[in-house]
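The structure appears right after this line, and notes come after that.
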Amino acid sequence: MTQPFPFAAIVGQDEMKTALILTAIDPKIGGVLVFGDRGTGKSTAVRALAALLPPIEAVEGCPCNSAAVADCPDWTGITKGKLVKRPTPVVDLPLGATEDRVTGALDIERALTKGEKAFEAGLLARANRGYLYIDEANLLEDHIVDLLLDVAQSGENVVEREGLSIRHPARFVLVGSGNPEEGELRPQLLDRFGLSVEVSSPTDIDQRIEVVRRRDAYETQTAAFMKKWRAADTRLRKKILTARAALPDLETPDDTLRDCAALCIALGADGLRGELTLLKAARAHAAFGGKPAVTRDDLRAVAPSALRHRLRRDPLDEAGSSARVAKAIDDVLA
Amino acid sequence: MTHPVWTDAILALRLLRIDPIGLGGIWLRAGFGPPRDRFVAALGAGRRLTCHMSDEALLGGLDITATLANGQPSYAKGLLSDPERLILSSAERASRHLAALLAKTLDRRAGHCLIALDEGIEDEAPPPALTDRLAFHLSFDGLGAKDCPDTPLDPVDARLADIDDDAVRALTAVSLKLGIASLRAPLFAARAARAHGALHGRDVTTDEDLEAAIRLTLVPRATVLPQDPPEPAPPEEPETPHDTQTSETKPPEDQLLEAALAALPPDILKRLAPTQRLNRAVGASAQGALKKGTTRGRPLPSRPGRANSRDRIDLIATLRAAAPWQPLRRGNAPRGSLHVRPGDIHLRRSQSRSDRLLIFAVDASGSAAFNRLAEAKGAVELLLAEAYASRDHVALISYNKEGAEVLLPPTRSLVRTKRHLAQLPGGGATPLAAGLKEALHMAVAARHKGFQPALVLIADGRANIDLSGKADRTNALADALKTARGNRMLSVPAVVIDMSKRPEPQLSELAKALDARYAPMPFADAHHLSDVVSAELA
């Protein structure tokens, strides 16, 4: 496996980068959806994030990355073992993956060769405590979407098939990407993503040139390029860790809560998930900026990505959701 | 005589040999025939892939048959395991899943490159996720055997030429000028230029390399072709170090582009723009949603079959099939072991409802055309917004004096719909038969792709243009009825919506011929329309 492109070396696409960083600071924000043109660095950013994240500690040999031996599900048969450091898992959910591969299934190999009834963990187990990345999430098949919704809701994967009855924790940050020209995302799944960002190819010629230049350097002089960006990536990782540590002590003024609610009311966003995500994202943003308390600037910065996919859509309305959110921000946070 | 397209095709192959990883591969659109055969011959060795290979064949995994035979796990290597040249034939049939797999393989940059041979006709094309990752896009349309002399490829071993900043700037500027959004395009152009330089033994790329790169990688991706009178004043350029060309006023990218275009025969240039539009339109829509199979939907009885990763083994049925043979197979072997032979394996099957495609055929003739089209567009958008639950795709065909025109190819995307239907044509006479024919044509094509088509005909007034395009009311009606009766065999569910002020007997007659419901709606608006369509065709 070749080294992923350094996160810090990604040109532009600030909203996408910020959104990914915020979920790294607070995974409870609940995932990022990146919608936009082909060839704008969506996949690159997600894979780059993996390399940026600090490793997790997990029980050696546990297929679902349990943090302690006591947390290992019974079926793993793990009763003792030492903790090892693993890179934060970023699991690709390929389009067209079968249900077996996603949830796990009877281990055919062991069933056939040893006659044992054993469970072979799927992608959901491997993504536990990490990221689950779906490229072209809008094209995912319905039954897989149902399954993901269910697991994302409960944080647990339950398998009842082929005489197996298995459950294991499956808590992950869902990262999806796709091109809206090829199909819409199901509203229920849309709602599961904490943040959504829209990317488009940069039209600024200098920015485009810089993209081509860096990518070319990465591909042809990988070692030198990685070395050049290592320091920047390390700085970013440290900043994320500092922000994580600062998050619990961060103050949230009552005014901020009021602002969150006012924004959501102004936009008519369904449910309370909008307020909650907005607040969490704003807190993470403040922590990332090293501030002691959440400010209106933080709200302003994260509101578009936290809210734009939660608006009740009027298909006959020509202006996009982003414009509506921008207007509401101007009105409410004036 | 060697055709310039053939020369470029061979050049692309040479460049790909120099830098397979950086260039990704070639997308060749060519029907079966001598040019394609000669190209494949020139390709040389490579791993052949088809679109229907299982994941297991591609990625490798447990070889169930061998495992059963030997009683111990044995693994098979996948076709994608080793880095080599992959040749995918009938690439237009590639599923999104296969495209995702191949894209991931290429993204790994382990040494693979892909030649996608596309025999697609009309709107078929490989998924854009794949073609976007292949540097060279070629089309052998219009080439004959004599255009393509056999060309031996000599082995090359060259170091990529270096490329300077100005060259990168020029390539990026050209890609913007050609309306190419993907950033992979200028990147490919830079790599192609560097390989081209290497091919000619240069250390640094020259304008000649850049021209070739533009011609091979950027021009085929163009969505707009630069017009003769170029944009007024290009943004201010930093002083260019091209001292020899100080007399020229044009920025370097324009000169390069012109030179690259000049090398192409004019008929190819003419064809470029429409093909591109087609390609853009296609990829997104051509993928049907045919999902008969073994993974979802209503379960059907299991059937014997070969184990692979795509299908699910029905263990109970498999064991049931194996059970009667146990004493016989056990022979002298000790008790307690289970003997399952590959022939026992049963696979699960299920049947699922395929996605629906609502085809709107809208009369765009006469003075009320604009209004009617606008309401139809509104209905399409409303239906799409609600569509996800029922998994509907929508297409829109309009017909007026120009004949029938597909305004919106089948899609499920609201974004795309809005983009496509931004401008609606209207006015003129009513070639009802032509519109109907186009709609039924689309319905049949959709059915081949696994959709369940349904037809919504929105009209007012009488047909007055026959199929041959003549204004003849009698013939026009006869043609329309004849076309409509064609649906008896196709049995596409349909509804005819009559938006004329007073119900039009001709339309109810047409509905009867079409075996469709007839709904007179003199004052229909978008909401009304979408309600009726949902109710009638649900």
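We label chains A, B, ... in the order they appear in the structure tokens, count residues from 1 in each chain, and number ligands from 1 in the order shown.
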Just want the 8 Å neighbourhood of segment 290-298 of chain A, counted on only C-alpha atoms, with same-chain residues fewer than 3 positions away dropped. Output as a ChimeraX atom specification.
/A:243,250-253,256,282-283,285-287,301-302,333
Pick out the chain B residues within 6 Å of chain A. Count only C-alpha atoms. Give them as a ChimeraX atom specification.
/B:71-72,97,169,181-184,187,284,381-382,412-413,415-416
Would you list the contacts of Lys437 of chain B as number ranges by chain, taking every protein, DNA or RNA residue within 7 Å and counting only C-alpha atoms, but skipping same-chain residues closer than 4 positions in sequence?
B: 433, 441, 483
Write out the residues from the selection above, keeping N, CA and C atoms, as a PDB file, in the first residue's frame.
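Now in selection-v1.pdb:
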```
ATOM      1  N   ALA B 433     -47.163  11.585 -33.197  1.00  0.00           N
ATOM      2  CA  ALA B 433     -46.656  10.241 -33.463  1.00  0.00           C
ATOM      3  C   ALA B 433     -45.162  10.165 -33.162  1.00  0.00           C
ATOM      4  N   HIS B 441     -39.673   4.093 -27.624  1.00  0.00           N
ATOM      5  CA  HIS B 441     -38.300   3.675 -27.878  1.00  0.00           C
ATOM      6  C   HIS B 441     -37.500   3.706 -26.577  1.00  0.00           C
ATOM      7  N   THR B 483     -48.702   4.030 -33.913  1.00  0.00           N
ATOM      8  CA  THR B 483     -47.601   3.960 -32.952  1.00  0.00           C
ATOM      9  C   THR B 483     -48.131   3.543 -31.585  1.00  0.00           C
TER      10      THR B 483
END
```
Please identify which residues in segment 110-197 of chain A DSSP calls alpha helix (DSSP H) from the backbone, and express them as a ChimeraX atom specification.
/A:110-113,123-127,142-154,187-192
So that I can check the surroundings of Ala303 of chain A, please list as a PyMOL selection string every protein, DNA and RNA residue that reaches within 9 Å of it, counting only C-alpha atoms and ignoring chain neighbours fewer than 3 positions away.
chain A and resi 260+263+278+281-282+298-300+306-308+325-326+329
Segment 19-160 of chain A: which residues are strand (DSSP E or B) by DSSP, as a PyMOL selection string?
chain A and resi 32-36+56-59+83-86+90-92+104-106+119-121+130-134+156-160
Would you mind listing what lies within 8 Å of segment 130-136 of chain B as a ChimeraX atom specification, with only C-alpha atoms counted and same-chain residues fewer than 6 positions away left out?
/A:38-39 /B:12,23-27,99-100,102-103,106,114,182,184-185,188-189,192,216-217
So which residues touch Glu60 of chain A within 7 Å, counting only C-alpha atoms, skipping near sequence neighbours fewer than 3 positions away, as a list in words?
Gly81, Lys82, Leu83 and Val84 of chain A
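Among A:Cys64, A:Leu279, A:Ala231, A:Ala262, the residue with the shortest atom-to-atom distance to Ala170 of chain A, counting only C-alpha atoms, is A:Cys64.
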Any idea what's packed within 8 Å of segment 9-26 of chain A, counting only C-alpha atoms, ignoring anything in its chain fewer than 2 positions away? Could you give it as a ChimeraX atom specification?
/A:5-7,28-32,34,41,45-46,49,53,173,195-199,202,207,210-211,214,229,240-241,243-244,280-281,284-285,288,305
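Between Leu49 of chain B and the residues B:Pro342, B:Gly78, B:Pro410, B:Gly31, the shortest atom-to-atom distance, using only C-alpha atoms, involves B:Gly78.
Atom CA of Asn128 of chain A lies 16.8 Å from atom CA of Ile78 of chain A.
Here the question is which of A:Leu123, A:Gly289, A:Lys80, A:His309 gets nearest to Leu236 of chain A using only C-alpha atoms, and that residue is A:Gly289.
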